[in-house]
Structures are given as C-alpha cells and as structure tokens.
Amino acid sequence: MTRDEALAQYRAMLLIRRFEERCAQLYVEGRIGGFLHLYIGQEAVAVGAMSLLRPDDYFITSYRDHGYALARGTDPRPLMAELCGKIGGISRGKGGSMHLYDVPSGNFGGDGIVGGHLPIAAGMGYAIRLRGTDQAVLCFFGDGAVNEGAFHEALNVSALWGLPVVFIIENNRYGMGTSLDRASSVKDLYQRGSAYGIPRRDVNGMDLVAVRGALAEAIERARREKRPSLIEAETYRYRGHSMSDPGKYRTKEEVEEMMRHDPILLFEKHLQVQFRVAPSELEGMDKDVLAQVDEAVLFADESPWPAPETLFEDVYVRSPYIHARSADKDPAWRAATKEDRVPEAFPAKTPVRAES
Amino acid sequence: MALVTMREALNQAMREEMRRDPAVFLLGEEVGHYQGAYKVTQGLLQEFGEWRVRDTPIAEEAIAGVAVGAAFVGLRPIAEMMTFNFSLLTLDQIVNHAAKYRYMSGGQIRCPMVMRGPSGAAAQVAAQHSQALESFYAHVPGLVVVMPSTPRDAKGLLKSAIRDDNPVIFMENEVLYNLKGEVPDEEYTIPLGLGDVKRAGREATIVAWSRSVQYAQQAADLLSKDGIEVEIVDPRTLRPLDEDLIFDSVRKTNRCVVVEEGWRYAGFGAEIADRIQRECFDDLDAPIVRVTAADVPMPYSKMLEKAYLPQPDRIAEAVRQVLYR
C-alpha cells in the first residue's frame, strides 16, 4: 500500500462515518424515513474490501449498505438524495437506505432479506465461470444470515461448482437484538465453511490492514483457483440495529470497550507510524469530508420529489416479445423502457482501489 | 407442419434458443444426466455440456437464486422446477428479488430469466404435488406469467420467454406433456400477452388456459350436441393479459364462463371476471360464472380428485346456467 492509497482508504472510512452521522441527524429530523441501518464501527471491512476490487468485479450486500457504495467511490450526492427519497437519488427514490445500487461500479447493492442475496452472488459467480473470465464476486452479510437456509444452499453450490465468490460474514455479534450466543450453535462462524470444504478464516474486522490481507488471499483464490472462500470479519456496530433500536440488549461498557478499537483510530496510528502522516493533514481531510457531506445534503435538498408519473416506471423492460396491445393497457408496461438507467455520477476510477 | 408432443415442442424451443444465443443456459434438478424428470430436457446435456445444462442439488432456493444472479449480469438462465409445487421454496428469490430489483434500483438492473416446469393437477399425487399456483405469480408486478395449452403455443411462447428481458414464470402442465399437436417447421415465436381463440362460437364465451382449455373443449363438444356453440378464449399469458381478446368475444356472445384449475378464493378467474364487468357491463346478459377447483387441498383418491377438479360436465352446466337453459 502506498502513502496515497493509505490516505485514500482513511478518507473513505472517514467519509462513511461522517456521512452516516449526518444520516442519523436527518433521520431524527424526519428527512430520512423508513429503516436506517448504520454501518458506523464496521468501516474497515467495506473499505478494505473495495480497495482490492477491480472495476469489472461484482459485489452484493445486505441492507446495511451505505458504506460499500461510498467506499467503491459512488458519488455521495445521489446516495444522500436516495435516502431522502428524491428523484436525484441513485435509485430514483424507489429503493431508499436499504437498496443502494450502482451497477456501472459492479454494485448490485442492498438486499433487504437476510441471506436472500447469497444465492444471487453464487449466480454471478456462475456467470463468470460460464464466460471464462477471472472476475470475482464479493458477498457481504451479517452474522444473522448464517442461520438462514439460503446461506447453506449458496455455500454448497459455490463449493460444488467452483464459483469465484468471497462470502464475507461481518460478525457484529448481534442479529438485531439477539446475540450470537443465543442464535448460533457454533460460535466461530467461519468454521461453518468446513461443512462445505470451503477455505475459511477469521480476521479482525476493525483492522483495515488485516482485512485487506485476508481478503486479498480470498479474492486471488477466486480469480486463479475458481474457489469460494468464507471470511469472518469480527467487527462491531456502535449504533443500534436500526435507528429505532436503542440497543438495550448490550451494556454501555461493552460498547465503550469496542469503541476503543475503533477502525479509524487504529488506522490513524498506522498512518502516523508507517507514513509519518501529520495530525494536521488528517484534520484537513476531515474538513474536506464534512464539506463533501454538506454538499451531498444540499444536493438532496435541492433535488425534486419524484413526480407521480414515475410510480409506474422501472417495473418492466420494454421488449419486442411482449404483445404491444396488452402492454399498452397496463401502466407499468406503458412506462417500461427498453434501456436500463445508468447512474451518471459514477467516476471512472474508484478512489480506494490499488492501481497495481 | 410436424405433429409433435408438448414435451418435444418445449425441448425444441430450448435447443433452438441455446443454439442461437450462448448466454442461454439451463439449470435444475435432473435436467442433465437423468435427461429431465419428465424428459423435457432430453439430449441437451450431450449437445451443450455441463456448464450450460447444469444438474443441481435439491436446493430450489439456490436454483432460483443462481438464475437471478446470472441474469443480473447478462446471462439468460432457464431454471427448471421439477414441478411448480417446489417453486414455493423459491418465492423469496422470485418475488423479492427477480421481480423487484429493477424497480428498487430505479431501472438499473434487469432479470432476463425463465422459471419453467410442470404445474397444475397431476394424477393422484395428493395435496403437495398437485396444485395450480398461477394466481400466486400473476399477483406480482414485475413478473410475466405464461401458461400454454398446445405444443405450438408452448414452443412459440417459450422462445419469446427466453428472449424477453423480464423474469418469466412459464407454467407447463404434466398431463399435457404427451399431448400432440401441429408445430410449424419454420422458425417462429408467439408474443407474450397475445391470446388465442381456440374455438369459435356465438352463444357463450369460455375463458380457459393450460389444461382447462381441454376441459373446455370437451364441454364444448357436449354442448354442441345440443346445438350450443361456445367460443373458447385462451389468454395463454396471464400477465400481461390480452383482455381485449376476451372483451371482443364477450361483446359478441354476451355470456361468459371462466374456468381455472386453481382455487376459487382469490383465484385469477376473479381478475378476469372483474375486468369483464368493468368493461363489458352493458354487453352482459347474465352474471359471469366461474368453474374452479374446490377450495380444499387436493385429495388423493381418484373419486375425490374428480370432484375437486373443474370437469367438462360442470363447465357445460355453467354454460347452460349463463344461457338460462
């Protein structure tokens, strides 16, 4: 990792933190609605992972999904507009916090069903094998998902067919309010990979450098050996499961203890020791990041509400194989477009990706 | 025109589309080495190899999910359900993922997949293996739902379903797999959402799809002996629905019976009846009558099974009822 790369990764973690702190405020003010699941505390996992992906790789995540898009380099403005339900949102105000997608960057986004996206990740891996490329798929989910049937079906076929998918458990110790101890018969979740003969390991998810090490190995295995991996990143969410959760199932002491291992503070030390980055440089970066978040909020504020006519758009793809007379009688078919909508904001290069 | 079975027609459709487009692949239980639980996929593994004809474990959510994921990144999977009864295990993938990702992503994602297999009542296999689930799927925006009743329709519609860019639920019927019919020798497709008049008549309209078209034909034969000529309209696709074809027929006959193999309660026939009363109220000379399965799980015994299903004589009786004869 070069100094510039390290700084870019630090900045990405900081952006996630500041962006989400602002999200929490906007939620309290009623400008963000629905469910809002904050990633604060887990930033090292998304940033470490995204720093290793090539532009042509794919990833898919659970609903706690803001961090991955930001780490991948998606413009924060359409993300914030999406959270506020505006037409300038990356999903045109139809997805919200749990459903952020940015397909040009390989982001197949936020899935709201626990474990539901794991078989889909396997399907993307299947497509890669069928086409014979060396792309990889990253699939992020929480400790709650390992108890879903979909987890087991997806791991089995991925191992059986040799699919280039890295399954990443972000173990933040709680599936909503139920601790891991009360939900899983096996406490070392990565060991569940042994049932399917999948290479597996755990890693300190608060440590960006460690996360990168574990994932680099797994991604390489996917590309070269066409094999899946199961990586357990042990991490912690500082906030409740969602904004409506006061988190009474855990003690203040536990939360404070975990915050002492904060991924951003930890990496800050690494920057100072390894690259002699001065505190003033980091402070300047924080100001930049806060300004970027301000700009995102401003963009969201200024973006119009979706017009009622957009309600019927984006259900179907207009296709010559659908009889026009029937299609024209149904508003969802009438509004269907032939082309996909591509978010324009995605930059050509992701800021945290290693160039080598 | 060649005389082929429904099974062969479906096989031809898949074979031709797999030759035409390398993005098309097939996966499911027993589709490869076993040559298909109902032999619909016979010979495909030999021609296309294991990456394009993939035998899967008995893991329906994985079958559907792998199809969804592959479709998201540009392939055209055909996921075979050994029977649609097992598709209930895929509902999360189909309803929450295949049907919704385009909408939730504001139009960024498409899911060009087909889920196909036999559906409807089979012979004496009881409640868990013998049910018509089309009303479940037709309820979901984002899906296309197809139910062919003849070999010609099956081939032309399946080819369209494979080429279409939306998730298509393609429900075949096990009892119809051996049904023979004429299939054009030349390349053809039938648009999804285009219905067909299966029998012309002036006195009453019967709307029916899939195997119910056969029940309706038998009923029409019975009625014809008494000089009553009915028209049979087969929508072929339940979503989107060719409602104009149904309206045109009802405006001509002024009477309508809707037949389905599924349960009456919240069944798809109610949707058709609703549309007819809304658009053809002044054309109707009698209330619409529905002939459906009984609102109970499918029983095992032959005698009870017969009582459960919409029989030709019950359909004929319903036609007499709307004719007040």
# chains A, B, ... in the order shown; residues from 1 in each chain; ligands from 1
>>> residues_around(residues="Asp92 of chain B", least_positions_apart="4", cutoff="8 Å", atoms="only C-alpha atoms", output="PyMOL selection string")
(chain A and resi 116) or (chain B and resi 61+96-97)
>>> write_last_selection(atoms="C-alpha atoms", output="PDB file, in the first residue's frame")
ATOM      1  CA  GLY A 116     -31.544 -13.621   0.331  1.00  0.00           C
TER       2      GLY A 116
ATOM      3  CA  GLU B  61     -33.669 -21.502  -3.482  1.00  0.00           C
ATOM      4  CA  ASN B  96     -38.421 -10.321  -3.559  1.00  0.00           C
ATOM      5  CA  HIS B  97     -35.519 -10.388  -5.973  1.00  0.00           C
TER       6      HIS B  97
END
>>> interface_residues(of="chain B", to="chain A", cutoff="8 Å", atoms="only C-alpha atoms", output="NGL selection string")
:B and (51-52 or 56-57 or 59 or 61-62 or 64-73 or 75 or 92-93 or 96 or 99-100 or 102-110 or 141-142 or 160-161 or 163-166 or 190-194 or 240-244)
>>> write_last_selection(atoms="C-alpha atoms", output="short mmCIF file (atom, residue, chain, number, x, y, z; two decimals), in the first residue's frame")
data_model
loop_
_atom_site.label_atom_id
_atom_site.label_comp_id
_atom_site.auth_asym_id
_atom_site.auth_seq_id
_atom_site.Cartn_x
_atom_site.Cartn_y
_atom_site.Cartn_z
CA TRP B 51 -21.88 -25.52 -17.80
CA ARG B 52 -24.93 -24.84 -19.95
CA THR B 56 -28.27 -29.11 -9.34
CA PRO B 57 -28.70 -30.49 -5.87
CA ALA B 59 -31.95 -26.88 -3.41
CA GLU B 61 -33.67 -21.50 -3.48
CA ALA B 62 -30.18 -21.96 -4.90
CA ALA B 64 -33.70 -19.75 -8.45
CA GLY B 65 -31.07 -17.54 -6.84
CA VAL B 66 -28.30 -18.67 -9.19
CA ALA B 67 -30.63 -17.93 -12.10
CA VAL B 68 -31.42 -14.47 -10.71
CA GLY B 69 -27.75 -13.61 -10.12
CA ALA B 70 -26.65 -14.84 -13.54
CA ALA B 71 -29.49 -12.89 -15.16
CA PHE B 72 -28.47 -9.70 -13.32
CA VAL B 73 -25.08 -9.83 -15.02
CA LEU B 75 -26.99 -14.26 -18.95
CA ASP B 92 -38.28 -15.20 -1.89
CA GLN B 93 -35.93 -15.26 -4.87
CA ASN B 96 -38.42 -10.32 -3.56
CA ALA B 99 -39.45 -9.16 -9.67
CA LYS B 100 -38.22 -6.20 -7.62
CA ARG B 102 -35.38 -3.37 -11.47
CA TYR B 103 -37.80 -1.23 -9.52
CA MET B 104 -35.71 -0.89 -6.35
CA SER B 105 -32.68 0.11 -8.41
CA GLY B 106 -34.57 2.76 -10.36
CA GLY B 107 -34.22 0.83 -13.61
CA GLN B 108 -30.52 -0.11 -13.38
CA ILE B 109 -30.99 -3.88 -13.26
CA ARG B 110 -32.84 -6.35 -15.45
CA PRO B 141 -45.87 -6.84 -10.59
CA GLY B 142 -42.53 -7.33 -12.32
CA SER B 160 -40.28 -15.49 -26.61
CA ALA B 161 -39.93 -16.04 -22.87
CA ARG B 163 -35.58 -13.86 -25.44
CA ASP B 164 -37.59 -11.47 -23.30
CA ASP B 165 -35.72 -9.28 -20.83
CA ASN B 166 -38.11 -9.74 -17.91
CA ILE B 190 -45.55 -16.08 -30.30
CA PRO B 191 -45.61 -12.76 -28.44
CA LEU B 192 -46.19 -12.90 -24.70
CA GLY B 193 -49.50 -11.26 -23.87
CA LEU B 194 -51.25 -12.36 -27.06
CA PRO B 240 -49.73 -9.15 -19.18
CA LEU B 241 -53.30 -10.14 -20.10
CA ASP B 242 -54.79 -9.87 -23.57
CA GLU B 243 -58.03 -8.52 -22.17
CA ASP B 244 -59.20 -7.08 -25.50
#
>>> closest_residue(among="B:Val145, B:Ala316, B:Val250, B:Ala121", to="Asn173 of chain B", atoms="only C-alpha atoms")
B:Ala121
>>> residues_around(residues="Ile272 of chain B", least_positions_apart="2", cutoff="9 Å", atoms="only C-alpha atoms", output="VMD selection string")
chain B and resid 207 243 246 258 268 to 270 274 to 277
>>> closest_residue(among="A:Arg239, A:Arg3, A:Arg227, A:Lys248", to="Arg200 of chain A", atoms="only C-alpha atoms")
A:Arg227
>>> atom_distance(atom1="atom CA of Arg20 of chain B", atom2="atom CA of Glu60 of chain B")
27.3 Å
>>> atom_distance(atom1="atom CA of Val296 of chain B", atom2="atom CA of Arg314 of chain B")
17.5 Å
>>> residues_around(residues="Asn178 of chain B", least_positions_apart="5", cutoff="7 Å", atoms="only C-alpha atoms", output="ChimeraX atom specification")
/B:5-7
>>> select_by_dssp(residues="segment 18-62 of chain B", states="helix (DSSP H, G or I)", output="PyMOL selection string")
chain B and resi 18-20+44-48+60-62
>>> write_last_selection(atoms="N, CA and C atoms", output="PDB file, in the first residue's frame")
ATOM      1  N   MET B  18     -30.806 -22.135 -27.287  1.00  0.00           N
ATOM      2  CA  MET B  18     -29.439 -22.339 -26.789  1.00  0.00           C
ATOM      3  C   MET B  18     -28.434 -22.324 -27.933  1.00  0.00           C
ATOM      4  N   ARG B  19     -28.882 -22.780 -29.115  1.00  0.00           N
ATOM      5  CA  ARG B  19     -28.002 -22.694 -30.287  1.00  0.00           C
ATOM      6  C   ARG B  19     -27.869 -21.251 -30.748  1.00  0.00           C
ATOM      7  N   ARG B  20     -28.947 -20.518 -30.627  1.00  0.00           N
ATOM      8  CA  ARG B  20     -28.988 -19.145 -31.140  1.00  0.00           C
ATOM      9  C   ARG B  20     -28.179 -18.185 -30.271  1.00  0.00           C
ATOM     10  N   LEU B  44     -30.069 -32.422 -24.132  1.00  0.00           N
ATOM     11  CA  LEU B  44     -29.466 -31.083 -24.100  1.00  0.00           C
ATOM     12  C   LEU B  44     -28.065 -31.106 -23.492  1.00  0.00           C
ATOM     13  N   LEU B  45     -27.875 -31.915 -22.449  1.00  0.00           N
ATOM     14  CA  LEU B  45     -26.538 -32.014 -21.847  1.00  0.00           C
ATOM     15  C   LEU B  45     -25.521 -32.485 -22.878  1.00  0.00           C
ATOM     16  N   GLN B  46     -25.896 -33.470 -23.677  1.00  0.00           N
ATOM     17  CA  GLN B  46     -24.982 -34.025 -24.675  1.00  0.00           C
ATOM     18  C   GLN B  46     -24.587 -32.954 -25.692  1.00  0.00           C
ATOM     19  N   GLU B  47     -25.527 -32.101 -26.039  1.00  0.00           N
ATOM     20  CA  GLU B  47     -25.202 -31.084 -27.036  1.00  0.00           C
ATOM     21  C   GLU B  47     -24.459 -29.880 -26.449  1.00  0.00           C
ATOM     22  N   PHE B  48     -24.814 -29.472 -25.229  1.00  0.00           N
ATOM     23  CA  PHE B  48     -24.312 -28.184 -24.748  1.00  0.00           C
ATOM     24  C   PHE B  48     -23.303 -28.273 -23.593  1.00  0.00           C
ATOM     25  N   GLU B  60     -33.925 -25.689  -4.110  1.00  0.00           N
ATOM     26  CA  GLU B  60     -34.686 -24.823  -5.012  1.00  0.00           C
ATOM     27  C   GLU B  60     -34.317 -23.358  -4.867  1.00  0.00           C
ATOM     28  N   GLU B  61     -34.005 -22.915  -3.634  1.00  0.00           N
ATOM     29  CA  GLU B  61     -33.669 -21.502  -3.482  1.00  0.00           C
ATOM     30  C   GLU B  61     -32.356 -21.191  -4.200  1.00  0.00           C
ATOM     31  N   ALA B  62     -31.434 -22.153  -4.168  1.00  0.00           N
ATOM     32  CA  ALA B  62     -30.178 -21.959  -4.901  1.00  0.00           C
ATOM     33  C   ALA B  62     -30.428 -21.960  -6.407  1.00  0.00           C
TER      34      ALA B  62
END
>>> atom_distance(atom1="atom CA of Ala71 of chain A", atom2="atom CA of Arg250 of chain A")
28.7 Å
